[in-house]
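Written out below as structure tokens is the structure these notes cover.
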Amino acid sequence: MTMYADAVFEGGGVKAIGILGALSEAERRGYRWVNVAGTSAGAIIASLVAAGYTAAEIKDLFYELDFNIFKEKGWLNRVPYIGPALSLWFEGGLYKGDYLEQWLKAKLAAKGVHTFKDLILEGYENDPRFRYKLVVIATDVSRRKLLKLPQDIGDYNISPDDLEVCKAVRISASLPFFYEPYKLSYTDAANQKQTCYIIDGGVLSNFPVWIFDSGEIPLWPTFGFKIVEPNVTAPLQTNNPFTLFKAIISTMLEAHDKLHELDRKSNIRTISIPSAGIKTVDFDISKRLKDKLYQTGVQATVVFFEGWSFEEYKLHLSS
């Protein structure tokens, strides 16, 4: 039996493998996705789902991938000894992020998806909330503003239909200081040239489970796929400047949502996936740990659906 739902995927770097386990179990139960959204690594998964990939196909893509290839260095970073410091100081990040964009561009093109025009949802062409199958979250640090892409790209004199999907996802996945921020230049209403720096959406909203809410009783549910951290963790190793830097990134992204408890409406539709002790930028993750993380996602989803009722959820919304 086919059932329809929207899906929202949290960011989490390599921990997104756990989300794939959860997604696979939901699909095994008959769910198919209408609108999808995500932040950072969640945006990568969401874009592939929107393009037509199944959870099993995305798993194959992730398992055959050496995540270290996403750490491509610019020329400054290659300077002996001081290269990383120069890259951070002059370019705002250790790595460029271009390979991620090109990798995703090829995977999306294989499904015939290039720009957001290819992801217009039939029947909702004139509905600004649901026009596109995919929404990704980014952060404009220059204007101190959360961005919903492609919709908000119009503020920069770019047509949302014409925005490349791979570029929007690369922007959303620009881990602060890890990747160079995306620089977007445009001419404002006063005919002045402006340049904005746009980074990872997780800085402002790592889990935008609210994004498809309309204030009305929905025709189908929205499921949130969220990575949860243990309450107590072993101290991160910070015995040199670069392990300290890695710890800062992990703390910033992983502690963000611990400060904000989900409200009941969000909590009862969220599949909470244990992180299995894996950190956001553990790019050297082994196959054994990938399998462990994937299975935690499967098991978390089994538990979730044991207590899930869409009818009860709708009653809660109307009460």
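Labels used: A, B, ... for chains in the order of the structure tokens, numbers from 1 for residues in each chain, and numbers from 1 for ligands as shown.
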
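Secondary structure of range 147-225 of chain A, strand (DSSP E) only (DSSP, backbone atoms): Leu147, Lys148, Leu149, Phe177, Phe178, Tyr179, Tyr182, Lys183, Leu184, Ser185, Tyr186, Thr187, Lys193, Gln194, Thr195, Cys196, Tyr197, Ile198, Ile199, Asp200, Thr222, Phe223, Gly224 and Phe225 of chain A.
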
Contact residues around range 7-19 of chain A with only C-alpha atoms at 7 Å, ignoring same-chain residues under 2 positions, as an mmCIF file with N, CA, C and O atoms, in the first residue's frame:
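Listed below is the output, around_6.cif:
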data_model
loop_
_atom_site.group_PDB
_atom_site.id
_atom_site.type_symbol
_atom_site.label_atom_id
_atom_site.label_comp_id
_atom_site.auth_asym_id
_atom_site.auth_seq_id
_atom_site.Cartn_x
_atom_site.Cartn_y
_atom_site.Cartn_z
ATOM 1 N N ALA A 5 3.822 11.172 2.098
ATOM 2 C CA ALA A 5 4.281 11.978 3.232
ATOM 3 C C ALA A 5 5.306 12.985 2.727
ATOM 4 O O ALA A 5 5.906 12.815 1.661
ATOM 5 N N GLY A 21 19.150 4.915 6.910
ATOM 6 C CA GLY A 21 18.551 3.711 7.481
ATOM 7 C C GLY A 21 17.093 3.934 7.831
ATOM 8 O O GLY A 21 16.229 3.086 7.564
ATOM 9 N N ALA A 22 16.809 5.095 8.424
ATOM 10 C CA ALA A 22 15.426 5.429 8.783
ATOM 11 C C ALA A 22 14.566 5.584 7.531
ATOM 12 O O ALA A 22 13.425 5.097 7.474
ATOM 13 N N LEU A 23 15.116 6.240 6.533
ATOM 14 C CA LEU A 23 14.379 6.463 5.281
ATOM 15 C C LEU A 23 14.054 5.141 4.599
ATOM 16 O O LEU A 23 12.944 4.946 4.069
ATOM 17 N N TRP A 33 7.457 10.027 -1.124
ATOM 18 C CA TRP A 33 7.676 11.393 -0.674
ATOM 19 C C TRP A 33 7.146 12.418 -1.664
ATOM 20 O O TRP A 33 7.403 12.332 -2.864
ATOM 21 N N ASN A 35 6.877 16.377 -0.840
ATOM 22 C CA ASN A 35 7.846 17.459 -0.655
ATOM 23 C C ASN A 35 8.926 17.001 0.310
ATOM 24 O O ASN A 35 8.639 16.286 1.279
ATOM 25 N N VAL A 36 10.151 17.426 0.074
ATOM 26 C CA VAL A 36 11.248 17.107 0.980
ATOM 27 C C VAL A 36 12.059 18.369 1.240
ATOM 28 O O VAL A 36 12.110 19.280 0.407
ATOM 29 N N ALA A 37 12.677 18.409 2.409
ATOM 30 C CA ALA A 37 13.499 19.560 2.773
ATOM 31 C C ALA A 37 14.643 19.090 3.645
ATOM 32 O O ALA A 37 14.591 18.001 4.242
ATOM 33 N N GLY A 38 15.683 19.905 3.723
ATOM 34 C CA GLY A 38 16.804 19.523 4.560
ATOM 35 C C GLY A 38 17.810 20.641 4.715
ATOM 36 O O GLY A 38 17.784 21.645 4.001
ATOM 37 N N THR A 39 18.685 20.439 5.673
ATOM 38 C CA THR A 39 19.769 21.361 5.961
ATOM 39 C C THR A 39 21.085 20.608 5.856
ATOM 40 O O THR A 39 21.194 19.484 6.335
ATOM 41 N N SER A 40 22.072 21.215 5.194
ATOM 42 C CA SER A 40 23.429 20.666 5.143
ATOM 43 C C SER A 40 23.429 19.244 4.561
ATOM 44 O O SER A 40 22.959 19.039 3.444
ATOM 45 N N ALA A 41 23.910 18.254 5.323
ATOM 46 C CA ALA A 41 23.893 16.880 4.808
ATOM 47 C C ALA A 41 22.472 16.411 4.559
ATOM 48 O O ALA A 41 22.217 15.614 3.649
ATOM 49 N N GLY A 42 21.526 16.915 5.360
ATOM 50 C CA GLY A 42 20.123 16.594 5.120
ATOM 51 C C GLY A 42 19.636 17.138 3.796
ATOM 52 O O GLY A 42 18.754 16.548 3.153
ATOM 53 N N ALA A 43 20.209 18.268 3.358
ATOM 54 C CA ALA A 43 19.856 18.831 2.053
ATOM 55 C C ALA A 43 20.373 17.946 0.922
ATOM 56 O O ALA A 43 19.731 17.844 -0.133
ATOM 57 N N ALA A 46 17.896 15.133 0.771
ATOM 58 C CA ALA A 46 16.621 15.633 0.262
ATOM 59 C C ALA A 46 16.673 15.867 -1.245
ATOM 60 O O ALA A 46 15.722 15.548 -1.967
ATOM 61 N N GLY A 202 22.453 25.039 9.097
ATOM 62 C CA GLY A 202 22.372 24.572 10.466
ATOM 63 C C GLY A 202 22.700 25.629 11.500
ATOM 64 O O GLY A 202 22.369 25.477 12.675
ATOM 65 N N ASN A 206 18.866 23.793 11.981
ATOM 66 C CA ASN A 206 19.400 22.511 11.542
ATOM 67 C C ASN A 206 18.304 21.478 11.326
ATOM 68 O O ASN A 206 18.527 20.452 10.700
ATOM 69 N N PHE A 207 17.091 21.768 11.827
ATOM 70 C CA PHE A 207 16.001 20.802 11.734
ATOM 71 C C PHE A 207 14.683 21.547 11.474
ATOM 72 O O PHE A 207 13.859 21.709 12.371
ATOM 73 N N PRO A 208 14.456 21.994 10.235
ATOM 74 C CA PRO A 208 13.273 22.804 9.915
ATOM 75 C C PRO A 208 12.014 21.968 9.687
ATOM 76 O O PRO A 208 11.384 22.011 8.627
ATOM 77 N N VAL A 209 11.621 21.200 10.706
ATOM 78 C CA VAL A 209 10.488 20.283 10.555
ATOM 79 C C VAL A 209 9.181 21.037 10.320
ATOM 80 O O VAL A 209 8.202 20.480 9.826
ATOM 81 N N THR A 222 3.967 15.062 7.725
ATOM 82 C CA THR A 222 5.374 15.401 7.540
ATOM 83 C C THR A 222 6.168 14.658 8.603
ATOM 84 O O THR A 222 5.883 14.796 9.796
ATOM 85 N N PHE A 223 7.143 13.878 8.168
ATOM 86 C CA PHE A 223 8.017 13.184 9.113
ATOM 87 C C PHE A 223 9.364 13.907 9.196
ATOM 88 O O PHE A 223 9.943 14.277 8.166
ATOM 89 N N GLY A 224 9.825 14.095 10.419
ATOM 90 C CA GLY A 224 11.156 14.656 10.615
ATOM 91 C C GLY A 224 12.147 13.540 10.903
ATOM 92 O O GLY A 224 11.842 12.600 11.649
ATOM 93 N N PHE A 225 13.320 13.620 10.295
ATOM 94 C CA PHE A 225 14.394 12.648 10.512
ATOM 95 C C PHE A 225 15.535 13.388 11.210
ATOM 96 O O PHE A 225 16.217 14.210 10.595
ATOM 97 N N LYS A 226 15.716 13.086 12.484
ATOM 98 C CA LYS A 226 16.630 13.874 13.311
ATOM 99 C C LYS A 226 17.663 12.993 14.000
ATOM 100 O O LYS A 226 17.326 11.954 14.560
ATOM 101 N N ILE A 227 18.918 13.416 13.969
ATOM 102 C CA ILE A 227 19.991 12.736 14.689
ATOM 103 C C ILE A 227 20.021 13.272 16.123
ATOM 104 O O ILE A 227 20.000 14.487 16.341
ATOM 105 N N ILE A 273 17.080 9.491 15.720
ATOM 106 C CA ILE A 273 18.073 8.481 15.364
ATOM 107 C C ILE A 273 19.343 8.698 16.175
ATOM 108 O O ILE A 273 19.992 9.742 16.044
ATOM 109 N N SER A 275 23.108 8.910 17.355
ATOM 110 C CA SER A 275 24.293 9.202 16.542
ATOM 111 C C SER A 275 25.352 8.110 16.605
ATOM 112 O O SER A 275 26.322 8.145 15.841
ATOM 113 N N ILE A 278 29.171 8.955 16.629
ATOM 114 C CA ILE A 278 29.877 9.454 15.443
ATOM 115 C C ILE A 278 29.697 10.962 15.349
ATOM 116 O O ILE A 278 28.613 11.487 15.616
ATOM 117 N N LYS A 279 30.750 11.660 14.955
ATOM 118 C CA LYS A 279 30.731 13.112 14.899
ATOM 119 C C LYS A 279 30.514 13.608 13.473
ATOM 120 O O LYS A 279 30.762 12.901 12.501
ATOM 121 N N THR A 280 30.086 14.863 13.396
ATOM 122 C CA THR A 280 29.700 15.469 12.116
ATOM 123 C C THR A 280 30.784 15.351 11.051
ATOM 124 O O THR A 280 30.495 15.042 9.896
ATOM 125 N N VAL A 281 32.035 15.602 11.412
ATOM 126 C CA VAL A 281 33.112 15.638 10.419
ATOM 127 C C VAL A 281 34.050 14.442 10.554
ATOM 128 O O VAL A 281 35.242 14.527 10.227
ATOM 129 N N ASP A 282 33.523 13.306 11.001
ATOM 130 C CA ASP A 282 34.311 12.061 11.025
ATOM 131 C C ASP A 282 34.355 11.466 9.620
ATOM 132 O O ASP A 282 33.763 10.424 9.338
ATOM 133 N N PHE A 283 35.070 12.125 8.733
ATOM 134 C CA PHE A 283 35.091 11.720 7.331
ATOM 135 C C PHE A 283 35.829 10.407 7.108
ATOM 136 O O PHE A 283 35.729 9.822 6.032
ATOM 137 N N LYS A 290 29.617 2.737 9.505
ATOM 138 C CA LYS A 290 28.512 3.098 8.604
ATOM 139 C C LYS A 290 27.344 2.133 8.813
ATOM 140 O O LYS A 290 26.178 2.559 8.921
ATOM 141 N N LEU A 293 25.599 2.798 12.165
ATOM 142 C CA LEU A 293 24.779 4.007 12.116
ATOM 143 C C LEU A 293 23.523 3.779 11.288
ATOM 144 O O LEU A 293 22.419 4.206 11.660
ATOM 145 N N TYR A 294 23.680 3.083 10.171
ATOM 146 C CA TYR A 294 22.534 2.778 9.303
ATOM 147 C C TYR A 294 21.498 1.957 10.057
ATOM 148 O O TYR A 294 20.292 2.243 9.997
ATOM 149 N N THR A 296 21.028 1.801 13.295
ATOM 150 C CA THR A 296 20.363 2.585 14.333
ATOM 151 C C THR A 296 19.192 3.352 13.740
ATOM 152 O O THR A 296 18.144 3.523 14.389
ATOM 153 N N GLY A 297 19.353 3.794 12.484
ATOM 154 C CA GLY A 297 18.257 4.480 11.806
ATOM 155 C C GLY A 297 17.085 3.561 11.525
ATOM 156 O O GLY A 297 15.910 3.937 11.702
#

Quick one, how far is CA of Leu100 in chain A from CA of Phe62 in chain A? 12.3 Å

Which is closer to Ile137 in chain A than all the others in A:Ala56, A:Ile45, A:Leu121, A:Val169, using only C-alpha atoms?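 Among the listed residues, A:Val169 lies closest to Ile137 in chain A.
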
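Candidate residues A:Asp118, A:Trp308, A:Val141, A:Leu184 were compared for distance to Asn267 in chain A, and the nearest is A:Trp308, using only C-alpha atoms.
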
Each residue of range 2-50 of chain A lying at most 12 Å from range 108-115 of chain A should get a row with its shortest atom-to-atom pair and the distance in Å to one decimal, counting only C-alpha atoms; could you produce that, ordered by chain and increasing number, as JSON lines?
{"residue": "A:Ile44", "atom": "CA", "partner": "A:Leu108", "partner_atom": "CA", "distance": 10.4}
{"residue": "A:Ile45", "atom": "CA", "partner": "A:Leu108", "partner_atom": "CA", "distance": 11.2}
{"residue": "A:Ala46", "atom": "CA", "partner": "A:Leu108", "partner_atom": "CA", "distance": 11.4}
{"residue": "A:Ser47", "atom": "CA", "partner": "A:Leu108", "partner_atom": "CA", "distance": 7.9}
{"residue": "A:Leu48", "atom": "CA", "partner": "A:Leu108", "partner_atom": "CA", "distance": 6.7}
{"residue": "A:Val49", "atom": "CA", "partner": "A:Leu108", "partner_atom": "CA", "distance": 9.8}
{"residue": "A:Ala50", "atom": "CA", "partner": "A:Val113", "partner_atom": "CA", "distance": 9.1}

Store the residues picked out above, limited to all heavy atoms, as an mmCIF file, in the first residue's frame.
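Result file is part.cif:
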data_model
loop_
_atom_site.group_PDB
_atom_site.id
_atom_site.type_symbol
_atom_site.label_atom_id
_atom_site.label_comp_id
_atom_site.auth_asym_id
_atom_site.auth_seq_id
_atom_site.Cartn_x
_atom_site.Cartn_y
_atom_site.Cartn_z
ATOM 1 N N ILE A 44 21.526 17.313 1.119
ATOM 2 C CA ILE A 44 22.052 16.393 0.109
ATOM 3 C C ILE A 44 21.077 15.236 -0.084
ATOM 4 O O ILE A 44 20.697 14.899 -1.217
ATOM 5 C CB ILE A 44 23.443 15.867 0.516
ATOM 6 C CG1 ILE A 44 24.449 17.019 0.603
ATOM 7 C CG2 ILE A 44 23.930 14.812 -0.481
ATOM 8 C CD1 ILE A 44 25.802 16.609 1.169
ATOM 9 N N ILE A 45 20.658 14.631 1.032
ATOM 10 C CA ILE A 45 19.709 13.519 0.950
ATOM 11 C C ILE A 45 18.401 13.981 0.322
ATOM 12 O O ILE A 45 17.853 13.326 -0.564
ATOM 13 C CB ILE A 45 19.465 12.920 2.342
ATOM 14 C CG1 ILE A 45 20.731 12.232 2.850
ATOM 15 C CG2 ILE A 45 18.309 11.925 2.307
ATOM 16 C CD1 ILE A 45 20.615 11.702 4.263
ATOM 17 N N ALA A 46 17.896 15.133 0.771
ATOM 18 C CA ALA A 46 16.621 15.633 0.262
ATOM 19 C C ALA A 46 16.673 15.867 -1.245
ATOM 20 O O ALA A 46 15.722 15.548 -1.967
ATOM 21 C CB ALA A 46 16.239 16.920 0.985
ATOM 22 N N SER A 47 17.777 16.400 -1.741
ATOM 23 C CA SER A 47 17.884 16.667 -3.175
ATOM 24 C C SER A 47 17.871 15.378 -3.982
ATOM 25 O O SER A 47 17.252 15.313 -5.056
ATOM 26 C CB SER A 47 19.149 17.471 -3.479
ATOM 27 O OG SER A 47 20.326 16.702 -3.277
ATOM 28 N N LEU A 48 18.536 14.339 -3.468
ATOM 29 C CA LEU A 48 18.562 13.055 -4.173
ATOM 30 C C LEU A 48 17.186 12.395 -4.148
ATOM 31 O O LEU A 48 16.748 11.802 -5.145
ATOM 32 C CB LEU A 48 19.613 12.142 -3.550
ATOM 33 C CG LEU A 48 21.073 12.614 -3.724
ATOM 34 C CD1 LEU A 48 22.008 11.804 -2.840
ATOM 35 C CD2 LEU A 48 21.509 12.535 -5.192
ATOM 36 N N VAL A 49 16.476 12.512 -3.012
ATOM 37 C CA VAL A 49 15.114 11.981 -2.933
ATOM 38 C C VAL A 49 14.204 12.718 -3.908
ATOM 39 O O VAL A 49 13.417 12.097 -4.638
ATOM 40 C CB VAL A 49 14.578 12.098 -1.492
ATOM 41 C CG1 VAL A 49 13.080 11.770 -1.440
ATOM 42 C CG2 VAL A 49 15.338 11.167 -0.554
ATOM 43 N N ALA A 50 14.299 14.046 -3.939
ATOM 44 C CA ALA A 50 13.469 14.841 -4.839
ATOM 45 C C ALA A 50 13.728 14.486 -6.303
ATOM 46 O O ALA A 50 12.811 14.533 -7.137
ATOM 47 C CB ALA A 50 13.717 16.332 -4.613
#

If you count only C-alpha atoms, which residues fall within 10 Å of Pro218 in chain A, apart from same-chain ones fewer than 5 positions away, as a ChimeraX atom specification? /A:5,212-213,310,314,317

Measuring between only C-alpha atoms, which one of A:Glu57, A:Ile199, A:Pro181, A:Tyr313 shows the shortest distance to Leu146 in chain A?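 Once distances to Leu146 in chain A are computed over only C-alpha atoms, the minimum belongs to A:Ile199.
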